[in-house]
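One file, upload_17.tsv, is given below (TSV, C-alpha atoms and all ligand atoms).
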chain	number	residue	atom	x	y	z
A	1274	MET	CA	-84.67	134.75	-80.31
A	1275	PRO	CA	-83.47	136.65	-77.21
A	1276	ASP	CA	-86.09	137.44	-74.58
A	1277	ASN	CA	-85.08	141.12	-74.38
A	1278	LEU	CA	-86.80	141.93	-77.66
A	1279	ASP	CA	-88.50	145.09	-76.43
A	1280	TYR	CA	-88.42	147.25	-79.51
A	1281	LYS	CA	-91.41	148.38	-81.47
A	1282	ALA	CA	-90.60	150.74	-84.34
A	1283	ALA	CA	-92.31	154.13	-84.24
A	1284	ASP	CA	-95.66	154.16	-86.02
A	1285	THR	CA	-94.70	157.57	-87.41
A	1286	ARG	CA	-91.63	156.32	-89.29
A	1287	TYR	CA	-93.26	156.73	-92.72
A	1288	ASP	CA	-95.27	159.86	-91.95
A	1289	GLY	CA	-93.87	161.79	-94.91
A	1290	ARG	CA	-91.02	163.62	-93.17
A	1291	MET	CA	-88.35	161.48	-94.83
A	1292	PRO	CA	-88.42	161.59	-98.64
A	1293	TYR	CA	-87.42	158.47	-100.60
A	1294	PHE	CA	-85.70	158.95	-103.94
A	1295	ARG	CA	-85.56	156.47	-106.78
A	1296	CYS	CA	-82.07	155.07	-107.18
A	1297	GLY	CA	-81.09	155.83	-110.78
A	1298	HIS	CA	-83.31	153.92	-113.21
A	1299	SER	CA	-83.97	151.10	-110.77
A	1300	GLY	CA	-87.13	150.10	-108.98
A	1301	VAL	CA	-85.76	150.76	-105.53
A	1302	LYS	CA	-86.00	153.97	-103.52
A	1303	LEU	CA	-83.57	155.09	-100.84
A	1304	PRO	CA	-84.14	157.52	-97.99
A	1305	ALA	CA	-82.71	161.01	-98.54
A	1306	VAL	CA	-80.60	160.35	-95.43
A	1307	SER	CA	-78.90	156.97	-94.85
A	1308	LEU	CA	-76.89	155.90	-91.79
A	1309	GLY	CA	-73.28	154.75	-92.06
A	1310	PHE	CA	-71.59	152.39	-89.60
A	1311	TRP	CA	-67.94	153.28	-90.34
A	1312	HIS	CA	-67.41	154.89	-86.90
A	1313	ASN	CA	-69.42	154.80	-83.65
A	1314	PHE	CA	-70.67	151.20	-84.11
A	1315	GLY	CA	-67.55	149.14	-83.41
A	1316	SER	CA	-66.27	147.16	-80.44
A	1317	VAL	CA	-64.53	150.29	-79.07
A	1318	ASP	CA	-67.86	152.13	-78.92
A	1319	ASP	CA	-70.74	152.04	-76.44
A	1320	PHE	CA	-73.10	149.39	-77.83
A	1321	ASP	CA	-76.21	150.75	-76.12
A	1322	LYS	CA	-75.63	154.20	-77.57
A	1323	ALA	CA	-74.98	152.80	-81.04
A	1324	HIS	CA	-78.10	150.66	-80.76
A	1325	ALA	CA	-80.18	153.68	-79.67
A	1326	THR	CA	-78.78	155.65	-82.62
A	1327	ALA	CA	-79.73	152.94	-85.12
A	1328	ARG	CA	-83.21	152.62	-83.58
A	1329	CYS	CA	-83.66	156.39	-83.71
A	1330	ALA	CA	-82.66	156.36	-87.38
A	1331	PHE	CA	-85.15	153.64	-88.29
A	1332	ASP	CA	-87.88	155.27	-86.18
A	1333	ASN	CA	-87.40	158.39	-88.29
A	1334	GLY	CA	-87.57	156.76	-91.70
A	1335	ILE	CA	-83.87	155.98	-92.29
A	1336	THR	CA	-84.24	152.57	-93.90
A	1337	CYS	CA	-80.71	152.28	-95.28
A	1338	PHE	CA	-77.80	151.11	-93.07
A	1339	ASP	CA	-74.40	151.16	-94.76
A	1340	LEU	CA	-71.62	148.81	-93.60
A	1341	ALA	CA	-68.36	147.32	-94.83
A	1342	ASN	CA	-66.38	144.25	-93.82
A	1343	ASN	CA	-63.71	146.31	-92.02
A	1344	TYR	CA	-65.87	148.88	-90.20
A	1345	GLY	CA	-65.25	148.99	-86.45
A	1346	PRO	CA	-62.71	149.30	-85.08
A	1347	GLU	CA	-61.88	146.36	-84.64
A	1348	TYR	CA	-62.43	145.18	-88.21
A	1349	GLY	CA	-65.70	143.30	-88.55
A	1350	THR	CA	-67.18	144.51	-85.29
A	1351	ALA	CA	-69.63	147.01	-86.81
A	1352	GLU	CA	-71.12	144.09	-88.73
A	1353	GLU	CA	-71.15	141.96	-85.56
A	1354	ASN	CA	-72.93	144.74	-83.70
A	1355	LEU	CA	-75.46	145.08	-86.50
A	1356	GLY	CA	-76.05	141.31	-86.11
A	1357	ARG	CA	-76.78	141.84	-82.40
A	1358	MET	CA	-79.13	144.70	-83.26
A	1359	MET	CA	-80.93	142.49	-85.77
A	1360	ASP	CA	-81.69	140.01	-83.00
A	1361	LEU	CA	-82.51	142.66	-80.40
A	1362	SER	CA	-84.56	145.03	-82.56
A	1363	PHE	CA	-84.66	144.80	-86.30
A	1364	ARG	CA	-85.32	141.14	-87.26
A	1365	PRO	CA	-89.10	141.72	-87.55
A	1366	TYR	CA	-88.35	144.67	-89.85
A	1367	ARG	CA	-85.85	142.97	-92.16
A	1368	ASP	CA	-87.97	143.61	-95.25
A	1369	GLU	CA	-88.19	147.32	-94.40
A	1370	LEU	CA	-84.41	147.68	-94.21
A	1371	PHE	CA	-81.91	148.17	-97.02
A	1372	ILE	CA	-78.62	146.83	-95.63
A	1373	THR	CA	-75.40	147.22	-97.56
A	1374	THR	CA	-71.87	145.96	-97.11
A	1375	LYS	CA	-68.62	146.14	-99.02
A	1376	ALA	CA	-65.26	144.51	-99.60
A	1377	GLY	CA	-62.13	146.05	-101.09
A	1378	TYR	CA	-59.87	147.36	-98.34
A	1379	ASP	CA	-57.61	145.27	-96.11
A	1380	MET	CA	-59.59	142.80	-94.04
A	1381	TRP	CA	-57.45	139.75	-93.29
A	1382	PRO	CA	-53.77	138.89	-93.82
A	1383	GLY	CA	-52.36	137.26	-96.90
A	1384	PRO	CA	-52.98	137.67	-100.63
A	1385	TYR	CA	-56.76	137.05	-100.52
A	1386	GLY	CA	-57.75	139.57	-97.82
A	1387	GLU	CA	-58.10	142.79	-99.86
A	1388	TRP	CA	-58.60	144.37	-103.32
A	1389	GLY	CA	-60.86	142.98	-106.05
A	1390	SER	CA	-60.32	139.30	-106.77
A	1391	ARG	CA	-63.25	136.91	-107.01
A	1392	LYS	CA	-61.66	134.90	-104.18
A	1393	TYR	CA	-61.67	137.90	-101.81
A	1394	LEU	CA	-65.11	139.31	-102.67
A	1395	MET	CA	-66.88	135.95	-102.39
A	1396	SER	CA	-65.18	134.92	-99.12
A	1397	SER	CA	-65.63	138.35	-97.60
A	1398	LEU	CA	-69.35	138.50	-98.30
A	1399	ASP	CA	-69.82	135.05	-96.73
A	1400	GLN	CA	-68.03	136.30	-93.62
A	1401	SER	CA	-70.08	139.52	-93.56
A	1402	LEU	CA	-73.36	137.61	-93.76
A	1403	ARG	CA	-72.31	135.43	-90.80
A	1404	ARG	CA	-71.30	138.45	-88.71
A	1405	MET	CA	-74.50	140.34	-89.51
A	1406	ARG	CA	-76.66	137.21	-88.99
A	1407	LEU	CA	-78.28	137.78	-92.38
A	1408	ASP	CA	-79.17	135.48	-95.29
A	1409	TYR	CA	-78.55	138.21	-97.85
A	1410	VAL	CA	-77.62	141.88	-98.12
A	1411	ASP	CA	-79.64	144.31	-100.17
A	1412	LEU	CA	-76.56	145.75	-101.80
A	1413	PHE	CA	-72.98	144.57	-102.07
A	1414	TYR	CA	-70.24	147.00	-103.13
A	1415	SER	CA	-66.80	146.57	-104.55
A	1416	HIS	CA	-65.26	149.10	-102.15
A	1417	ARG	CA	-62.38	150.23	-104.37
A	1418	TYR	CA	-60.93	149.76	-107.83
A	1419	ASP	CA	-58.13	147.21	-108.02
A	1420	PRO	CA	-55.63	148.19	-110.75
A	1421	GLU	CA	-54.08	144.71	-110.78
A	1422	THR	CA	-57.15	142.48	-111.05
A	1423	PRO	CA	-58.90	142.41	-114.44
A	1424	LEU	CA	-62.08	144.45	-114.13
A	1425	GLU	CA	-63.96	141.56	-115.78
A	1426	GLU	CA	-63.11	139.35	-112.80
A	1427	THR	CA	-64.34	141.84	-110.20
A	1428	MET	CA	-67.52	142.66	-112.14
A	1429	GLN	CA	-68.25	138.98	-112.83
A	1430	ALA	CA	-67.90	138.24	-109.11
A	1431	LEU	CA	-70.56	140.93	-108.46
A	1432	VAL	CA	-72.84	139.35	-111.08
A	1433	ASP	CA	-72.40	135.89	-109.56
A	1434	ILE	CA	-73.01	137.18	-106.02
A	1435	VAL	CA	-76.44	138.39	-107.16
A	1436	ARG	CA	-77.10	135.12	-109.02
A	1437	GLN	CA	-76.27	133.21	-105.82
A	1438	GLY	CA	-78.91	135.23	-103.98
A	1439	LYS	CA	-76.41	136.70	-101.51
A	1440	ALA	CA	-77.10	140.28	-102.62
A	1441	LEU	CA	-80.11	141.80	-104.38
A	1442	TYR	CA	-78.14	144.62	-106.01
A	1443	VAL	CA	-74.52	145.59	-106.56
A	1444	GLY	CA	-72.63	148.88	-106.59
A	1445	ILE	CA	-69.14	150.32	-106.77
A	1446	SER	CA	-67.32	152.81	-104.59
A	1447	ASN	CA	-64.25	154.99	-105.11
A	1448	TYR	CA	-63.77	153.80	-108.72
A	1449	PRO	CA	-62.00	156.24	-111.09
A	1450	VAL	CA	-64.20	157.88	-113.71
A	1451	GLU	CA	-62.31	156.15	-116.55
A	1452	THR	CA	-63.56	152.74	-115.40
A	1453	LEU	CA	-67.24	153.60	-115.16
A	1454	ASP	CA	-68.29	152.99	-118.78
A	1455	PHE	CA	-66.81	149.51	-118.65
A	1456	CYS	CA	-68.31	148.63	-115.25
A	1457	PHE	CA	-71.77	149.95	-116.04
A	1458	SER	CA	-71.88	148.20	-119.45
A	1459	TYR	CA	-70.47	144.90	-118.20
A	1460	LEU	CA	-73.03	144.69	-115.41
A	1461	LYS	CA	-75.97	145.87	-117.52
A	1462	GLU	CA	-75.23	143.37	-120.30
A	1463	ARG	CA	-75.50	140.59	-117.72
A	1464	ASP	CA	-78.83	141.88	-116.35
A	1465	VAL	CA	-77.29	142.93	-113.04
A	1466	PRO	CA	-77.15	146.70	-113.54
A	1467	CYS	CA	-75.02	148.77	-111.21
A	1468	LEU	CA	-77.50	150.21	-108.71
A	1469	ILE	CA	-75.38	152.96	-107.22
A	1470	TYR	CA	-71.99	154.62	-107.00
A	1471	GLN	CA	-70.75	155.57	-103.53
A	1472	GLY	CA	-68.35	158.51	-103.50
A	1473	ARG	CA	-66.97	161.17	-101.18
A	1474	TYR	CA	-68.90	164.40	-101.66
A	1475	ASN	CA	-69.44	167.42	-99.49
A	1476	MET	CA	-69.21	171.22	-99.77
A	1477	MET	CA	-65.46	171.04	-99.12
A	1478	ASP	CA	-64.72	168.10	-101.43
A	1479	ARG	CA	-66.27	168.46	-104.88
A	1480	ARG	CA	-64.09	166.10	-106.86
A	1481	VAL	CA	-67.03	163.98	-108.08
A	1482	GLU	CA	-68.52	167.13	-109.64
A	1483	GLU	CA	-65.25	168.17	-111.21
A	1484	ASN	CA	-64.11	164.81	-112.58
A	1485	GLY	CA	-67.46	163.96	-114.18
A	1486	ILE	CA	-68.44	161.03	-111.93
A	1487	LEU	CA	-71.76	162.60	-110.91
A	1488	ASP	CA	-72.72	163.31	-114.53
A	1489	LYS	CA	-71.71	159.86	-115.70
A	1490	CYS	CA	-73.84	158.17	-113.04
A	1491	TYR	CA	-76.80	160.38	-113.87
A	1492	GLU	CA	-76.53	159.70	-117.61
A	1493	ALA	CA	-76.19	155.94	-117.04
A	1494	GLY	CA	-79.20	155.79	-114.70
A	1495	VAL	CA	-77.00	154.80	-111.77
A	1496	GLY	CA	-77.76	156.31	-108.35
A	1497	PHE	CA	-75.21	158.24	-106.32
A	1498	THR	CA	-74.77	158.21	-102.56
A	1499	ALA	CA	-72.53	160.80	-100.90
A	1500	PHE	CA	-70.27	159.54	-98.11
A	1501	SER	CA	-68.71	161.82	-95.46
A	1502	PRO	CA	-71.32	164.49	-96.33
A	1503	LEU	CA	-70.32	166.44	-93.20
A	1504	ASN	CA	-66.62	166.02	-93.96
A	1505	GLN	CA	-66.40	163.71	-90.94
A	1506	GLY	CA	-68.10	166.26	-88.70
A	1507	LEU	CA	-66.18	169.40	-89.70
A	1508	LEU	CA	-69.35	170.69	-91.38
A	1509	SER	CA	-71.28	170.82	-88.12
A	1510	ASP	CA	-71.13	172.86	-84.94
A	1511	ARG	CA	-68.75	170.25	-83.43
A	1512	TYR	CA	-65.49	172.16	-83.91
A	1513	LEU	CA	-66.61	175.80	-83.78
A	1514	ARG	CA	-65.34	176.20	-80.22
A	1515	GLY	CA	-62.44	173.76	-79.90
A	1516	ILE	CA	-62.17	169.97	-80.04
A	1517	PRO	CA	-64.71	168.16	-77.83
A	1518	ALA	CA	-63.25	165.17	-75.95
A	1519	ASP	CA	-65.85	162.78	-77.35
A	1520	SER	CA	-65.44	163.91	-80.99
A	1521	ARG	CA	-63.97	161.91	-83.85
A	1522	MET	CA	-61.03	164.33	-84.01
A	1523	ALA	CA	-60.18	163.66	-80.37
A	1524	ARG	CA	-60.88	159.93	-80.50
A	1525	ASN	CA	-59.13	158.63	-83.60
A	1526	HIS	CA	-56.68	159.33	-86.37
A	1527	PHE	CA	-59.10	159.53	-89.31
A	1528	LEU	CA	-59.78	163.23	-88.71
A	1529	LYS	CA	-56.48	164.91	-87.95
A	1530	LYS	CA	-56.22	167.86	-85.52
A	1531	GLU	CA	-53.85	169.63	-87.96
A	1532	VAL	CA	-56.71	170.32	-90.39
A	1533	LEU	CA	-58.44	172.56	-87.84
A	1534	THR	CA	-56.55	175.77	-88.63
A	1535	MET	CA	-57.74	179.20	-87.47
A	1536	ASP	CA	-58.64	179.99	-91.07
A	1537	LEU	CA	-60.83	176.88	-91.29
A	1538	VAL	CA	-62.58	177.61	-87.97
A	1539	SER	CA	-63.30	181.15	-89.12
A	1540	ARG	CA	-64.76	179.90	-92.43
A	1541	LEU	CA	-66.85	177.27	-90.59
A	1542	GLN	CA	-68.17	180.01	-88.30
A	1543	ARG	CA	-69.22	182.07	-91.31
A	1544	LEU	CA	-70.87	179.03	-92.89
A	1545	ASN	CA	-72.62	178.51	-89.57
A	1546	ASP	CA	-73.93	182.10	-89.79
A	1547	ILE	CA	-75.36	181.41	-93.25
A	1548	ALA	CA	-77.00	178.25	-91.89
A	1549	ALA	CA	-78.49	180.26	-88.98
A	1550	SER	CA	-79.89	182.80	-91.42
A	1551	ARG	CA	-81.70	179.87	-93.09
A	1552	SER	CA	-82.91	178.65	-89.66
A	1553	GLN	CA	-80.68	175.58	-90.00
A	1554	THR	CA	-77.71	174.17	-88.14
A	1555	LEU	CA	-74.48	173.88	-90.13
A	1556	SER	CA	-74.90	170.10	-90.46
A	1557	GLU	CA	-78.46	170.52	-91.72
A	1558	MET	CA	-77.31	173.06	-94.30
A	1559	ALA	CA	-74.38	170.88	-95.42
A	1560	LEU	CA	-76.71	167.94	-96.05
A	1561	ALA	CA	-79.35	170.15	-97.68
A	1562	TRP	CA	-76.66	171.53	-100.00
A	1563	LEU	CA	-76.03	167.97	-101.28
A	1564	LEU	CA	-79.73	167.15	-101.55
A	1565	LYS	CA	-80.50	170.26	-103.63
A	1566	ASP	CA	-79.54	168.36	-106.80
A	1567	SER	CA	-81.37	165.31	-108.11
A	1568	THR	CA	-78.01	163.69	-108.96
A	1569	VAL	CA	-77.64	162.72	-105.27
A	1570	THR	CA	-79.94	159.86	-104.28
A	1571	SER	CA	-79.00	159.77	-100.60
A	1572	VAL	CA	-76.55	161.37	-98.19
A	1573	LEU	CA	-74.77	158.84	-96.04
A	1574	VAL	CA	-74.20	160.36	-92.61
A	1575	GLY	CA	-72.33	159.04	-89.63
A	1576	ALA	CA	-73.79	159.81	-86.20
A	1577	SER	CA	-72.52	159.26	-82.69
A	1578	SER	CA	-75.87	159.86	-80.95
A	1579	PRO	CA	-79.61	159.82	-81.54
A	1580	GLU	CA	-79.61	163.62	-81.11
A	1581	GLN	CA	-77.33	164.00	-84.14
A	1582	ILE	CA	-79.73	161.89	-86.22
A	1583	LEU	CA	-82.65	164.05	-85.16
A	1584	THR	CA	-80.77	167.17	-86.29
A	1585	ASP	CA	-79.48	165.72	-89.54
A	1586	ILE	CA	-82.85	164.51	-90.81
A	1587	LYS	CA	-84.19	168.07	-90.58
A	1588	ALA	CA	-81.99	168.87	-93.59
A	1589	VAL	CA	-84.74	167.62	-95.90
A	1590	ASN	CA	-87.06	170.44	-94.79
A	1591	ASN	CA	-85.18	173.13	-96.69
A	1592	THR	CA	-83.05	172.12	-99.68
A	1593	GLY	CA	-83.57	175.29	-101.71
A	1594	PHE	CA	-80.75	177.85	-101.90
A	1595	THR	CA	-80.67	181.38	-103.26
A	1596	ALA	CA	-77.97	182.31	-105.76
A	1597	ASP	CA	-76.42	184.59	-103.12
A	1598	GLU	CA	-76.28	181.78	-100.55
A	1599	LEU	CA	-74.64	179.44	-103.07
A	1600	TYR	CA	-72.10	182.10	-103.99
A	1601	GLU	CA	-71.17	182.71	-100.34
A	1602	ILE	CA	-71.00	178.98	-99.61
A	1603	ASP	CA	-68.71	178.49	-102.62
A	1604	LYS	CA	-66.37	181.22	-101.41
A	1605	LEU	CA	-66.16	179.85	-97.86
A	1606	SER	CA	-66.06	176.12	-98.43
A	1607	ARG	CA	-63.57	175.63	-101.28
B	1701	LIG	N1	-67.07	154.05	-99.50
B	1701	LIG	C1	-66.12	154.53	-98.74
B	1701	LIG	O1	-64.93	154.40	-99.01
B	1701	LIG	C2	-66.51	155.27	-97.48
B	1701	LIG	C3	-65.56	156.05	-96.79
B	1701	LIG	C4	-65.99	156.75	-95.66
B	1701	LIG	C5	-67.30	156.65	-95.24
B	1701	LIG	N2	-68.18	155.84	-95.90
B	1701	LIG	C6	-69.59	155.69	-95.45
B	1701	LIG	O2	-70.14	156.97	-95.17
B	1701	LIG	C7	-70.61	157.01	-93.83
B	1701	LIG	C8	-70.50	158.38	-93.28
B	1701	LIG	O3	-69.14	158.81	-93.26
B	1701	LIG	P1	-68.67	159.78	-92.13
B	1701	LIG	O4	-68.89	159.13	-90.81
B	1701	LIG	O5	-67.34	160.28	-92.47
B	1701	LIG	O6	-69.80	160.93	-92.32
B	1701	LIG	P2	-70.05	162.39	-91.87
B	1701	LIG	O7	-71.54	162.46	-91.79
B	1701	LIG	O8	-69.33	163.33	-92.76
B	1701	LIG	O9	-69.40	162.53	-90.41
B	1701	LIG	C9	-69.99	161.89	-89.32
B	1701	LIG	C10	-69.62	162.59	-88.03
B	1701	LIG	O10	-70.15	163.90	-88.05
B	1701	LIG	C11	-70.56	164.27	-86.75
B	1701	LIG	N3	-71.99	164.63	-86.80
B	1701	LIG	C12	-73.00	164.01	-87.44
B	1701	LIG	N4	-74.17	164.65	-87.25
B	1701	LIG	C13	-73.88	165.71	-86.45
B	1701	LIG	C14	-74.66	166.73	-85.89
B	1701	LIG	N5	-75.96	166.82	-86.11
B	1701	LIG	N6	-74.05	167.65	-85.09
B	1701	LIG	C15	-72.72	167.59	-84.84
B	1701	LIG	N7	-71.92	166.62	-85.36
B	1701	LIG	C16	-72.50	165.68	-86.15
B	1701	LIG	C17	-70.31	163.09	-85.84
B	1701	LIG	O11	-69.02	163.30	-85.26
B	1701	LIG	P3	-68.64	162.81	-83.80
B	1701	LIG	O12	-68.39	161.35	-83.92
B	1701	LIG	O13	-67.42	163.61	-83.49
B	1701	LIG	O14	-69.81	163.11	-82.90
B	1701	LIG	C18	-70.25	161.93	-86.82
B	1701	LIG	O15	-69.49	160.84	-86.35
B	1701	LIG	C19	-69.74	155.96	-93.12
B	1701	LIG	O16	-70.31	155.54	-91.90
B	1701	LIG	C20	-69.69	154.89	-94.15
B	1701	LIG	O17	-70.89	154.15	-94.13
B	1701	LIG	C21	-67.81	155.17	-97.00
Can you give me the file's structure in the form of structure tokens?
Ligand SMILES: NC(=O)c1ccc[n+]([C@@H]2O[C@H](COP(=O)([O-])OP(=O)(O)OC[C@H]3O[C@@H](n4cnc5c(N)ncnc54)[C@H](OP(=O)(O)O)[C@@H]3O)[C@@H](O)[C@H]2O)c1
Amino acid sequence: MPDNLDYKAADTRYDGRMPYFRCGHSGVKLPAVSLGFWHNFGSVDDFDKAHATARCAFDNGITCFDLANNYGPEYGTAEENLGRMMDLSFRPYRDELFITTKAGYDMWPGPYGEWGSRKYLMSSLDQSLRRMRLDYVDLFYSHRYDPETPLEETMQALVDIVRQGKALYVGISNYPVETLDFCFSYLKERDVPCLIYQGRYNMMDRRVEENGILDKCYEAGVGFTAFSPLNQGLLSDRYLRGIPADSRMARNHFLKKEVLTMDLVSRLQRLNDIAASRSQTLSEMALAWLLKDSTVTSVLVGASSPEQILTDIKAVNNTGFTADELYEIDKLSR
């Protein structure tokens, strides 16, 4: 144990500000807001700032940290940094944390370093556990559907991962709607029900509403967690007046500058006005918009600073919308 263990979690972390919602028909509850480690937690980022952000999240009731084998950049380094944070801060709180990881996208070279084979999923989770300095994860996801591997093989690997004690629950992410009946039934019949589906969902990307994924999860008693709920930061005040040098759009290629047209900026400004009329920031309103429906168990935000966390968690204070507000939001965001 390092001697710089100076962290004591805030006594107020469960003071009722953060709601916890039951995940589908399971016994486990997740915070309305979870923290994702895709960006801002890798080897290219400032570790102290990332650490402060994770501490701020936990201090404010965010008990769910979402990772994947290839989060960084560099691949694997978000998990390594979480491992450091476990030793520096969170080890005494392991039982209060719900830590997830995933495998599916490219992680290492050769035929066994991506997609959905048993070989890849099992090896990847072993690597993830070593990097994160954990004995088990709370939830392991198959990160994407593999059209070439039999679904039975991928699902059976998830079942066996739970039986081995390396994950308590399993979930799927980015799977097409046509595969859900099979996945949910296969897992349920083997007493390892799918806990949650992780999909992209925000005001500007409503595909999971339109293609029936949200409804299917709800009917099957499977939770749903919305990733990129701020559309990578577009649904915030970040880009209302240009492109800040420290923003995701300026720093990497995942959020392209070309998307920031004058039309988009004008629509974001009008959405920002609606948020202001509700006494919210745009990011608070965007998260509240997702949390207005009980089909969404948790919104999975990214954050590059503790201040962003402190803003985003305020979303839970006002998740009611008038019909007029919803109509205006629909017009501006689609
Ligand atoms: N399953 C999958 O395939 C998949 C795919 C993508 C993501 N995910 C998961 O979802 C998580 C979230 O995704 P995401 O990072 O795209 O989420 P997001 O919440 O849509 O975007 C996060 C970015 O929004 C900005 N932001 C957040 N709070 C803000 C605030 N209060 N004010 C101004 N700007 C704010 C920050 O941008 P700046 O960095 O510019 O400050 C932050 O990095 C990931 O970390 C990952 O865990 C999963």
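The closest residue to A:Asp1603, picked from A:Gln1505, A:Ser1578, A:Thr1534, A:Asn1475 and counting only C-alpha atoms, is A:Asn1475.
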Who sits within 6 Å of stretch 1487-1503 of chain A, all atoms listed in the file, same chain under 5 positions skipped, as a PDB file with C-alpha atoms, keeping the file's coordinate frame:
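The file below, out-v3.pdb, is the result:
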ATOM      1  CA  CYS A1296     -82.070 155.070-107.180  1.00  0.00           C
ATOM      2  CA  GLY A1297     -81.090 155.830-110.780  1.00  0.00           C
ATOM      3  CA  HIS A1298     -83.310 153.920-113.210  1.00  0.00           C
ATOM      4  CA  LEU A1468     -77.500 150.210-108.710  1.00  0.00           C
ATOM      5  CA  ILE A1469     -75.380 152.960-107.220  1.00  0.00           C
ATOM      6  CA  TYR A1470     -71.990 154.620-107.000  1.00  0.00           C
ATOM      7  CA  GLN A1471     -70.750 155.570-103.530  1.00  0.00           C
ATOM      8  CA  GLY A1472     -68.350 158.510-103.500  1.00  0.00           C
ATOM      9  CA  ARG A1473     -66.970 161.170-101.180  1.00  0.00           C
ATOM     10  CA  TYR A1474     -68.900 164.400-101.660  1.00  0.00           C
ATOM     11  CA  ASN A1475     -69.440 167.420 -99.490  1.00  0.00           C
ATOM     12  CA  VAL A1481     -67.030 163.980-108.080  1.00  0.00           C
ATOM     13  CA  GLU A1482     -68.520 167.130-109.640  1.00  0.00           C
ATOM     14  CA  LEU A1508     -69.350 170.690 -91.380  1.00  0.00           C
ATOM     15  CA  VAL A1569     -77.640 162.720-105.270  1.00  0.00           C
ATOM     16  CA  THR A1570     -79.940 159.860-104.280  1.00  0.00           C
ATOM     17  CA  SER A1571     -79.000 159.770-100.600  1.00  0.00           C
ATOM     18  CA  VAL A1572     -76.550 161.370 -98.190  1.00  0.00           C
ATOM     19  CA  LEU A1573     -74.770 158.840 -96.040  1.00  0.00           C
TER      20      LEU A1573
END
Contacts of ligand LIG 1701 (chain B), 6 Å or closer, all atoms listed in the file, given as a JSON list (two decimals) with C-alpha atoms, keeping the file's coordinate frame:
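part21.json written:
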[["chain", "number", "residue", "atom", "x", "y", "z"],
["A", 1309, "GLY", "CA", -73.28, 154.75, -92.06],
["A", 1310, "PHE", "CA", -71.59, 152.39, -89.60],
["A", 1311, "TRP", "CA", -67.94, 153.28, -90.34],
["A", 1312, "HIS", "CA", -67.41, 154.89, -86.90],
["A", 1339, "ASP", "CA", -74.40, 151.16, -94.76],
["A", 1340, "LEU", "CA", -71.62, 148.81, -93.60],
["A", 1416, "HIS", "CA", -65.26, 149.10, -102.15],
["A", 1446, "SER", "CA", -67.32, 152.81, -104.59],
["A", 1471, "GLN", "CA", -70.75, 155.57, -103.53],
["A", 1500, "PHE", "CA", -70.27, 159.54, -98.11],
["A", 1501, "SER", "CA", -68.71, 161.82, -95.46],
["A", 1502, "PRO", "CA", -71.32, 164.49, -96.33],
["A", 1503, "LEU", "CA", -70.32, 166.44, -93.20],
["A", 1504, "ASN", "CA", -66.62, 166.02, -93.96],
["A", 1505, "GLN", "CA", -66.40, 163.71, -90.94],
["A", 1506, "GLY", "CA", -68.10, 166.26, -88.70],
["A", 1509, "SER", "CA", -71.28, 170.82, -88.12],
["A", 1510, "ASP", "CA", -71.13, 172.86, -84.94],
["A", 1511, "ARG", "CA", -68.75, 170.25, -83.43],
["A", 1520, "SER", "CA", -65.44, 163.91, -80.99],
["A", 1521, "ARG", "CA", -63.97, 161.91, -83.85],
["A", 1556, "SER", "CA", -74.90, 170.10, -90.46],
["A", 1573, "LEU", "CA", -74.77, 158.84, -96.04],
["A", 1574, "VAL", "CA", -74.20, 160.36, -92.61],
["A", 1575, "GLY", "CA", -72.33, 159.04, -89.63],
["A", 1576, "ALA", "CA", -73.79, 159.81, -86.20],
["A", 1577, "SER", "CA", -72.52, 159.26, -82.69],
["A", 1581, "GLN", "CA", -77.33, 164.00, -84.14],
["A", 1584, "THR", "CA", -80.77, 167.17, -86.29],
["A", 1585, "ASP", "CA", -79.48, 165.72, -89.54]]
Between A:Ser1396, A:Ser1415, A:Ser1362, A:Thr1592, single out the one closest to A:Thr1374, counting all atoms listed in the file.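 Counting all atoms listed in the file, the residue closest to A:Thr1374 is A:Ser1415.
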With 12 Å as the threshold, what does the neighbourhood of (-80.5, 153.4, -90.8) contain in terms of residues, counting all atoms listed in the file? Coordinates are those of the file; answer as number ranges by chain. A: 1286, 1291, 1303-1310, 1323-1340, 1355, 1358, 1363, 1366-1367, 1369-1373, 1571-1576, 1579, 1582, 1586
Using atom CA of A:Leu1424 and atom CA of A:Ser1299 as the two end points, give the distance in Å to one decimal. 23.1 Å
Given all atoms listed in the file as the counted atoms, nearest of A:Ala1376, A:Ala1559, A:Ile1547, A:Met1405 to A:Asp1419: A:Ala1376
To one decimal place in Å, what is the distance between atom CA of A:Met1476 and atom CA of A:Leu1560?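 Result for atom CA of A:Met1476 versus atom CA of A:Leu1560: 9.0 Å, one decimal.
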Quick check, in Å to one decimal: how far apart do atom CA of A:Asn1343 and atom CA of A:Lys1322 lie? 20.3 Å
